[in-house]
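Trainee: First the structure, which I've put down as structure tokens, then a few questions once you've had a look.
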Amino acid sequence: METILELLLGNTLTRLVFFPTIACLPLLFFPRKATQAVKIYTLAVSLIELVFAVTYLFTHLGADGTFPRVGDGRFTWIEGYGIRYDLVMDGISMPLAMLGIFLLPIVLLGSWKGIDKHWPAFGASMLLLTTGVLGTLLAWDLFLFYIFWEVMLVPMYLIIGIWGGERRIYAAVKFFLFTMAGSLLMLVGILWMAWSFQRLNGGVWSFAYQDMLRLDFPVHQQIWLFAAFALTFAIKVPMFPVHTWLPDAHVEAPTGGSVILAGILLKLGTYGFLRFALPLFPKAAEAAQPLLVGLALTGILYGALVAWVQEDMKKLVAYSSIAHLGFVMLGILAIDQVAWEGALLQMVNHGLSTGALFLLVGMLYDRRHTKKFSEFGGLARVVPVFAFFLVFASLASVGLPALNGFVGEFLILSGAFRTLGWPAVVATFGVVLAAVYLLKMIQLTIWGPLTKDENRELRDLNFRELAVLVPLCVFMIWIGVAPETFLKPSREDLARTLAEYSTGVERPEVAEAVLRPSRRPTLMISEAGR
Amino acid sequence: MNRADLMSLLPEMILCGAGIAILLLDAIAPRLRRSFTLLAVLSVIAAAWGASVAWRTAPGSSFLTWGGLLETSGPTYALSLVILLATGLCLLASQGYLRREGILAGEYHALLLWCAAGLLLMLRGTELLTIFLSLELFSFCLYTLAAFHRRIAIASEAAIKYFLMGAFVSSFVLYGIALLYGATGSTRLVEIGPALASAEGIPIGASLGLLLLVAGFAFKMSIVPFHAWSPDTYQGAPTPFVAFLSVAPKVASALVLYRLLDAVVAGGVPAAIEKWTVVIAALAVLSMLVGNLLALAQRDIKRMLAYSGIAHMGYLLLALVVMDRASLMPVIVYLLAYVLMNAGAFTVVAMLYGRPGEQHLISDLAGQGYRYPLLSACLAICMLSLGGIPPTVGFFGKYLVFLNAVGDGLVGLAVLGVLASLVGVFYYLRVVYYLYMKAEERQPEGLLLDVWGRTAAVVAALGTLALGIWPWELVQWLIEATAR
């Protein structure tokens, strides 16, 4: 009990993960009519969380800009099964966790008008979702990881289902079932691994990530385990052909839900590949690489082509997510330091630029209650500030040099070209197509003659909406001009994971599952600065 | 008969005595009827204390009393508490329902307490005739309670169906006992095992007898293909009583099933053990598939929960496919989880549906999440737990069962189990989305939401969450208690 309090009060990961959950409790006691108070309270909580995150970041960020592997220390949770409460932040999870926390106040502010009912429930869902996302990113115990992975589902399900559009229930249930389908198979995989570990370790259980890395399965078993993990993560990414839940979820979700979904939730799939699927089952991953590269390429081209023909702005942005995440997957599958750095950066980029696009579409929807291109045109004359931000975010998404998207795509493509060859060439067409469909969107909405009378009276962005967009744009430029600041913290951990994977591929094959002797982690996990 | 014998019967005696006292009070002072719930709950708590006293006489080991007829051990103690928990939750949930329907009477409480006594006895029986007699004791109480709402035709129909099927099954069990006795010369389970081992081959009579017995208890657990009674009975019987009917008999029957299979394993004939492994695996797979797929098609929440209960017994059987001592702990945890979440769900259903004679459509819950936030939240938690979403005890129970299956090398069955539970998630979510995502269609009328019922719902929901987050103390205790 004392340790729990100590962890919650100190400058720790536990505080980052559970502060939003604890802050949910007062939401139960707000009077029913006090919507404004609930909004302000939730926003305040999200800002405090941001302060906590920044404090944590600068406590541990090295003077040379690198980020160490830091954790809260290990605590036994379910003793007999060796299940530990073990939160660790490293260079791979740090950017994504920070992105998640950074997007929270933006999303709440962006939903100020769009969400018109049950605000306490909305605030609570958002905060619980943050707990789930952060826990998933930081868990270094596979059981704990699975718990957070599933916990994340319920609030997102509620967000889509309660505040979504016409077909919201269909979309919410589809989202839930797709994700659950994968993760249940992953659960069996995790159980199998933990059980094998226990058998080889003289009856002592463990689900710890570092212990699972010591397990060496024969290839035919690795294939099955990898399949279970890869399916789970591929659904989340989403990769072609298990992407079908995404357009539905995005189109039906409220703006805030879409931003979180695109900004963070999808990244957990690619993060899962990087953190778990590849290092844990290197041989199987190597065998499956051609197939997965093929799927990633299909996703890039298919997502782009389908986005091109959309008549609805939100659908277009949704399909563009499939294409962008295809790039990230290509970078991860390239098994190359440069490509991995690009992939990780591109995860953050996509969260920023697609998040901004979804917010902009939402702002337009708040005014006109439609997202169809045919209803717009020539908006630049009526709402110039809106037009500026739409062009800005689109260009960032397309990959204009000096903005964030360019850096990520360039690194991914150059890394992929080095190791994969022609698939990188094919993927380059995806960049061209991205320009085509995003410019089409700009063309149809803000350029051209002002055809609809309803659009003449549109209000331009107000102060709140500027406050939502400006921070996103600041980071888009910052990453674009000084990417090294954002690449450096992850470099060492990516290299270490890459080494882990490469040695795993080269290791001689085993006929039976083997447990390699424990070796001390190359870097001590420092106790958090309490 | 000595002091130890009497002490070991303490919980059953408390329950029977309290039942008689309530009946007498009902005759003498009918005005006290409203306090019967409190009395009955107190006697359940006293019975739990009695069970702990009985177990404490020799803690940490199992011992036999009444000349070897009754066993008192860690597993029986744990499951006794689970049954008493179900009884307590049912009693709390019933008060509001009985008052609302104007059928509040002492018989209800008395029958329920006697039923619990019968279940505790069956749980501890190590001899087939004792098991049979306690089976009859609690079955008669169940038949009567199912028909307790006399004015509703559907309740009588439910009770008749249950009674007719139950009577058949009783004769099955009795015939099975006779055959087994004929083949082995004993009705004591400890002696049946060795007798099977020493027999030449596997006597056909013994196999048939065991099969009849397993069928009988599979009926009480509503396992496919012996499940047909449960949806109809659940639909007609008083809803708070279903909170008991759908869990408690299954708890006791599961342990008897374990004892029967244990006797086979003790017999040590590999061919026989292998055969039973196949039988149990088939029952598990059938229950998981049939239960989940039929639940998918239900529009009535009570029928849906009935089919989901069939599926849950299928998951439970996964732990018994390969029988060893380690199978017992997952089974007990799963049963406790099932009691909490299922009884919690039926408690809320009993309170939120005002017309017991009609269908309890899931769509009637539309928008109730905002009208009754507390009860709806409890129902939603129970649903998510039934669906196996962490951090609930429903998830942890599934985790233990699937881990046991994977450890026994039954990865295929575990995969089948998780896929079946994916189907389950779909219909449990349906309840959640009607509660929170649909607009309210009509304001419910004639509900009576009393403190007792709310307490039961909150206890069940909080228990579901708390045991999902801190399961280890319980598991550790159970591992120690089931080690011998």
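We name chains A, B, ... following the order of the structure tokens; residues begin at 1 in each chain, and ligands are numbered from 1 as shown.
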Applying 10 Å and only C-alpha atoms, which residues near B:Tyr434 remain after dropping the ones on its own chain fewer than 5 positions away? List them as a list in words.
Mentor: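 Residues meeting the cut-off are Ile169 of chain A; Ile362, Ser363, Asp364, Leu365, Ala366, Gly367, Gln368, Gly369, Leu429, Ala439 and Glu440 of chain B.
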Trainee: Enumerate as a PyMOL selection string the residues belonging to chain A that approach chain B to within 9 Å, with only C-alpha atoms taken into account.
Mentor: chain A and resi 77-81+118+146-148+150-151+154+158+161-163+168-169+173+176-177+180-181+184-185+187-188+191-192+195-196
Trainee: Keeping N, CA and C atoms for every residue in the selection just given, could you write it to a file as a short mmCIF file (atom, residue, chain, number, x, y, z; two decimals), in the first residue's frame?
Mentor:
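Printed below is result09.cif as written:
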```cif
data_model
loop_
_atom_site.label_atom_id
_atom_site.label_comp_id
_atom_site.auth_asym_id
_atom_site.auth_seq_id
_atom_site.Cartn_x
_atom_site.Cartn_y
_atom_site.Cartn_z
N TRP A 77 2.89 -8.75 -8.81
CA TRP A 77 1.45 -8.50 -8.81
C TRP A 77 0.72 -9.80 -8.50
N ILE A 78 0.86 -10.80 -9.36
CA ILE A 78 0.23 -12.08 -9.08
C ILE A 78 1.37 -13.07 -8.90
N GLU A 79 1.69 -13.30 -7.64
CA GLU A 79 2.96 -13.92 -7.26
C GLU A 79 3.18 -15.27 -7.91
N GLY A 80 2.21 -16.16 -7.74
CA GLY A 80 2.42 -17.55 -8.14
C GLY A 80 2.71 -17.72 -9.62
N TYR A 81 2.26 -16.78 -10.44
CA TYR A 81 2.50 -16.91 -11.87
C TYR A 81 3.63 -15.98 -12.31
N HIS A 118 -23.65 13.79 -22.49
CA HIS A 118 -22.93 12.89 -21.56
C HIS A 118 -21.46 13.24 -21.43
N TYR A 146 -0.99 -7.46 -21.96
CA TYR A 146 -2.27 -7.96 -22.47
C TYR A 146 -3.44 -7.29 -21.76
N ILE A 147 -3.32 -7.14 -20.44
CA ILE A 147 -4.40 -6.52 -19.67
C ILE A 147 -4.67 -5.10 -20.18
N PHE A 148 -3.59 -4.32 -20.32
CA PHE A 148 -3.78 -2.94 -20.79
C PHE A 148 -4.32 -2.92 -22.21
N GLU A 150 -6.33 -4.93 -23.60
CA GLU A 150 -7.77 -5.17 -23.60
C GLU A 150 -8.52 -4.03 -22.92
N VAL A 151 -7.93 -3.49 -21.85
CA VAL A 151 -8.58 -2.40 -21.12
C VAL A 151 -8.85 -1.22 -22.05
N VAL A 154 -12.44 -1.02 -24.17
CA VAL A 154 -13.77 -0.64 -23.69
C VAL A 154 -14.04 0.85 -23.85
N LEU A 158 -16.89 2.63 -26.25
CA LEU A 158 -17.92 3.56 -25.79
C LEU A 158 -17.86 4.87 -26.58
N GLY A 161 -19.33 4.24 -29.91
CA GLY A 161 -20.72 3.81 -29.84
C GLY A 161 -21.68 4.85 -29.29
N ILE A 162 -21.22 5.69 -28.38
CA ILE A 162 -22.15 6.65 -27.78
C ILE A 162 -22.19 7.96 -28.56
N TRP A 163 -21.02 8.44 -28.97
CA TRP A 163 -20.98 9.77 -29.57
C TRP A 163 -20.77 9.72 -31.07
N ARG A 168 -22.98 3.99 -35.83
CA ARG A 168 -21.95 3.94 -34.79
C ARG A 168 -21.87 2.59 -34.12
N ILE A 169 -23.03 1.94 -33.89
CA ILE A 169 -22.99 0.69 -33.14
C ILE A 169 -22.33 -0.40 -33.96
N VAL A 173 -18.95 -2.18 -32.60
CA VAL A 173 -18.87 -3.62 -32.36
C VAL A 173 -17.83 -4.25 -33.27
N PHE A 176 -14.46 -3.59 -31.85
CA PHE A 176 -14.21 -4.41 -30.66
C PHE A 176 -13.90 -5.85 -31.06
N LEU A 177 -14.73 -6.41 -31.93
CA LEU A 177 -14.58 -7.83 -32.26
C LEU A 177 -13.30 -8.09 -33.05
N MET A 180 -10.41 -7.87 -30.62
CA MET A 180 -10.47 -8.98 -29.67
C MET A 180 -10.10 -10.30 -30.35
N ALA A 181 -10.50 -10.46 -31.62
CA ALA A 181 -10.21 -11.71 -32.33
C ALA A 181 -8.72 -11.97 -32.34
N LEU A 184 -7.17 -12.43 -28.52
CA LEU A 184 -7.43 -13.69 -27.81
C LEU A 184 -6.46 -14.77 -28.26
N LEU A 185 -6.15 -14.77 -29.56
CA LEU A 185 -5.16 -15.75 -30.04
C LEU A 185 -3.79 -15.42 -29.46
N LEU A 187 -3.34 -14.16 -26.62
CA LEU A 187 -3.37 -14.63 -25.23
C LEU A 187 -2.95 -16.09 -25.15
N VAL A 188 -3.47 -16.91 -26.05
CA VAL A 188 -3.06 -18.31 -26.05
C VAL A 188 -1.56 -18.41 -26.28
N LEU A 191 0.22 -17.50 -23.14
CA LEU A 191 0.11 -18.59 -22.16
C LEU A 191 1.07 -19.72 -22.52
N TRP A 192 1.15 -20.01 -23.80
CA TRP A 192 2.05 -21.07 -24.24
C TRP A 192 3.49 -20.72 -23.89
N TRP A 195 4.03 -20.86 -20.16
CA TRP A 195 4.03 -22.24 -19.69
C TRP A 195 5.33 -22.93 -20.08
N SER A 196 5.83 -22.67 -21.31
CA SER A 196 7.11 -23.26 -21.72
C SER A 196 8.23 -22.75 -20.82
#
```
Trainee: Could you pull the residues within 10 Å of A:Leu108, counting only C-alpha atoms, minus those fewer than 3 positions along the same chain, as a VMD selection string?
Mentor: chain A and resid 39 to 40 42 to 43 46 103 to 105 111 to 115 122 to 123 126 255 to 257 468
Trainee: With N, CA and C atoms kept, could you save the residues just selected as a short mmCIF file (atom, residue, chain, number, x, y, z; two decimals), in the first residue's frame?
Mentor:
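Okay, part-v6.cif is ready:
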```
data_model
loop_
_atom_site.label_atom_id
_atom_site.label_comp_id
_atom_site.auth_asym_id
_atom_site.auth_seq_id
_atom_site.Cartn_x
_atom_site.Cartn_y
_atom_site.Cartn_z
N LYS A 39 -16.18 19.90 -18.51
CA LYS A 39 -15.22 20.14 -19.59
C LYS A 39 -13.94 20.74 -19.03
N ILE A 40 -14.11 21.78 -18.20
CA ILE A 40 -12.92 22.48 -17.69
C ILE A 40 -12.11 21.54 -16.80
N THR A 42 -11.94 18.23 -16.93
CA THR A 42 -11.24 17.22 -17.73
C THR A 42 -10.03 17.82 -18.42
N LEU A 43 -10.23 19.01 -18.96
CA LEU A 43 -9.11 19.67 -19.64
C LEU A 43 -7.98 19.94 -18.65
N SER A 46 -6.09 16.87 -18.04
CA SER A 46 -5.21 16.50 -19.16
C SER A 46 -3.97 17.39 -19.18
N LEU A 103 -1.64 14.66 -27.17
CA LEU A 103 -2.87 14.76 -27.95
C LEU A 103 -4.11 14.89 -27.06
N LEU A 104 -4.00 14.43 -25.79
CA LEU A 104 -5.19 14.39 -24.94
C LEU A 104 -5.86 15.77 -24.76
N PRO A 105 -5.11 16.81 -24.29
CA PRO A 105 -5.79 18.12 -24.16
C PRO A 105 -6.28 18.66 -25.50
N SER A 111 -13.05 18.64 -28.96
CA SER A 111 -14.39 18.06 -28.83
C SER A 111 -15.35 18.98 -28.08
N TRP A 112 -14.85 20.16 -27.73
CA TRP A 112 -15.62 21.09 -26.88
C TRP A 112 -17.05 21.27 -27.35
N LYS A 113 -17.20 21.51 -28.66
CA LYS A 113 -18.54 21.74 -29.22
C LYS A 113 -19.11 20.48 -29.84
N GLY A 114 -18.22 19.68 -30.43
CA GLY A 114 -18.69 18.51 -31.17
C GLY A 114 -19.40 17.49 -30.30
N ILE A 115 -18.95 17.32 -29.07
CA ILE A 115 -19.59 16.37 -28.17
C ILE A 115 -20.68 17.11 -27.41
N PHE A 122 -17.87 11.05 -21.40
CA PHE A 122 -16.87 11.25 -22.45
C PHE A 122 -15.50 11.51 -21.84
N GLY A 123 -15.48 12.42 -20.86
CA GLY A 123 -14.21 12.73 -20.20
C GLY A 123 -13.61 11.49 -19.57
N MET A 126 -12.17 9.15 -22.19
CA MET A 126 -10.90 9.64 -22.73
C MET A 126 -9.76 9.39 -21.73
N THR A 255 -15.03 13.29 -33.77
CA THR A 255 -13.70 13.79 -34.13
C THR A 255 -12.63 13.38 -33.12
N GLY A 256 -12.93 13.57 -31.84
CA GLY A 256 -11.95 13.25 -30.81
C GLY A 256 -11.56 11.78 -30.87
N GLY A 257 -12.55 10.92 -31.08
CA GLY A 257 -12.27 9.49 -31.16
C GLY A 257 -11.38 9.18 -32.35
N VAL A 468 -6.13 24.58 -30.63
CA VAL A 468 -6.04 23.16 -30.91
C VAL A 468 -5.00 22.90 -32.00
#
```
Trainee: Quick check, in Å to one decimal: how far apart do atom CA of B:Ala243 and atom CA of B:Leu111 lie?
Mentor: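 Going from atom CA of B:Ala243 over to atom CA of B:Leu111, I get 14.9 Å.
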Trainee: For B:Tyr334, list every protein, DNA or RNA residue within 7 Å, evaluated using only C-alpha atoms, and leave out those in the same chain fewer than 3 positions away; present the list as a PyMOL selection string.
Mentor: chain B and resi 316+330-331+337-338+397
Trainee: With C-alpha atoms retained, write the just-selected residues as a short mmCIF file (atom, residue, chain, number, x, y, z; two decimals), in the first residue's frame.
Mentor:
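Dumped to out10.cif:
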```cif
data_model
loop_
_atom_site.label_atom_id
_atom_site.label_comp_id
_atom_site.auth_asym_id
_atom_site.auth_seq_id
_atom_site.Cartn_x
_atom_site.Cartn_y
_atom_site.Cartn_z
CA LEU B 316 -15.03 -25.00 -17.12
CA PRO B 330 -9.01 -23.33 -11.89
CA VAL B 331 -12.42 -24.99 -11.56
CA ALA B 337 -16.17 -15.93 -10.96
CA TYR B 338 -19.27 -17.37 -12.56
CA GLY B 397 -10.96 -17.46 -14.48
#
```
Trainee: I'd like to know which of B:Met122, B:Val322, B:Leu92, B:Val348 is closest to B:Val451, using only C-alpha atoms.
Mentor: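 The answer is B:Leu92, which sits nearest to B:Val451.
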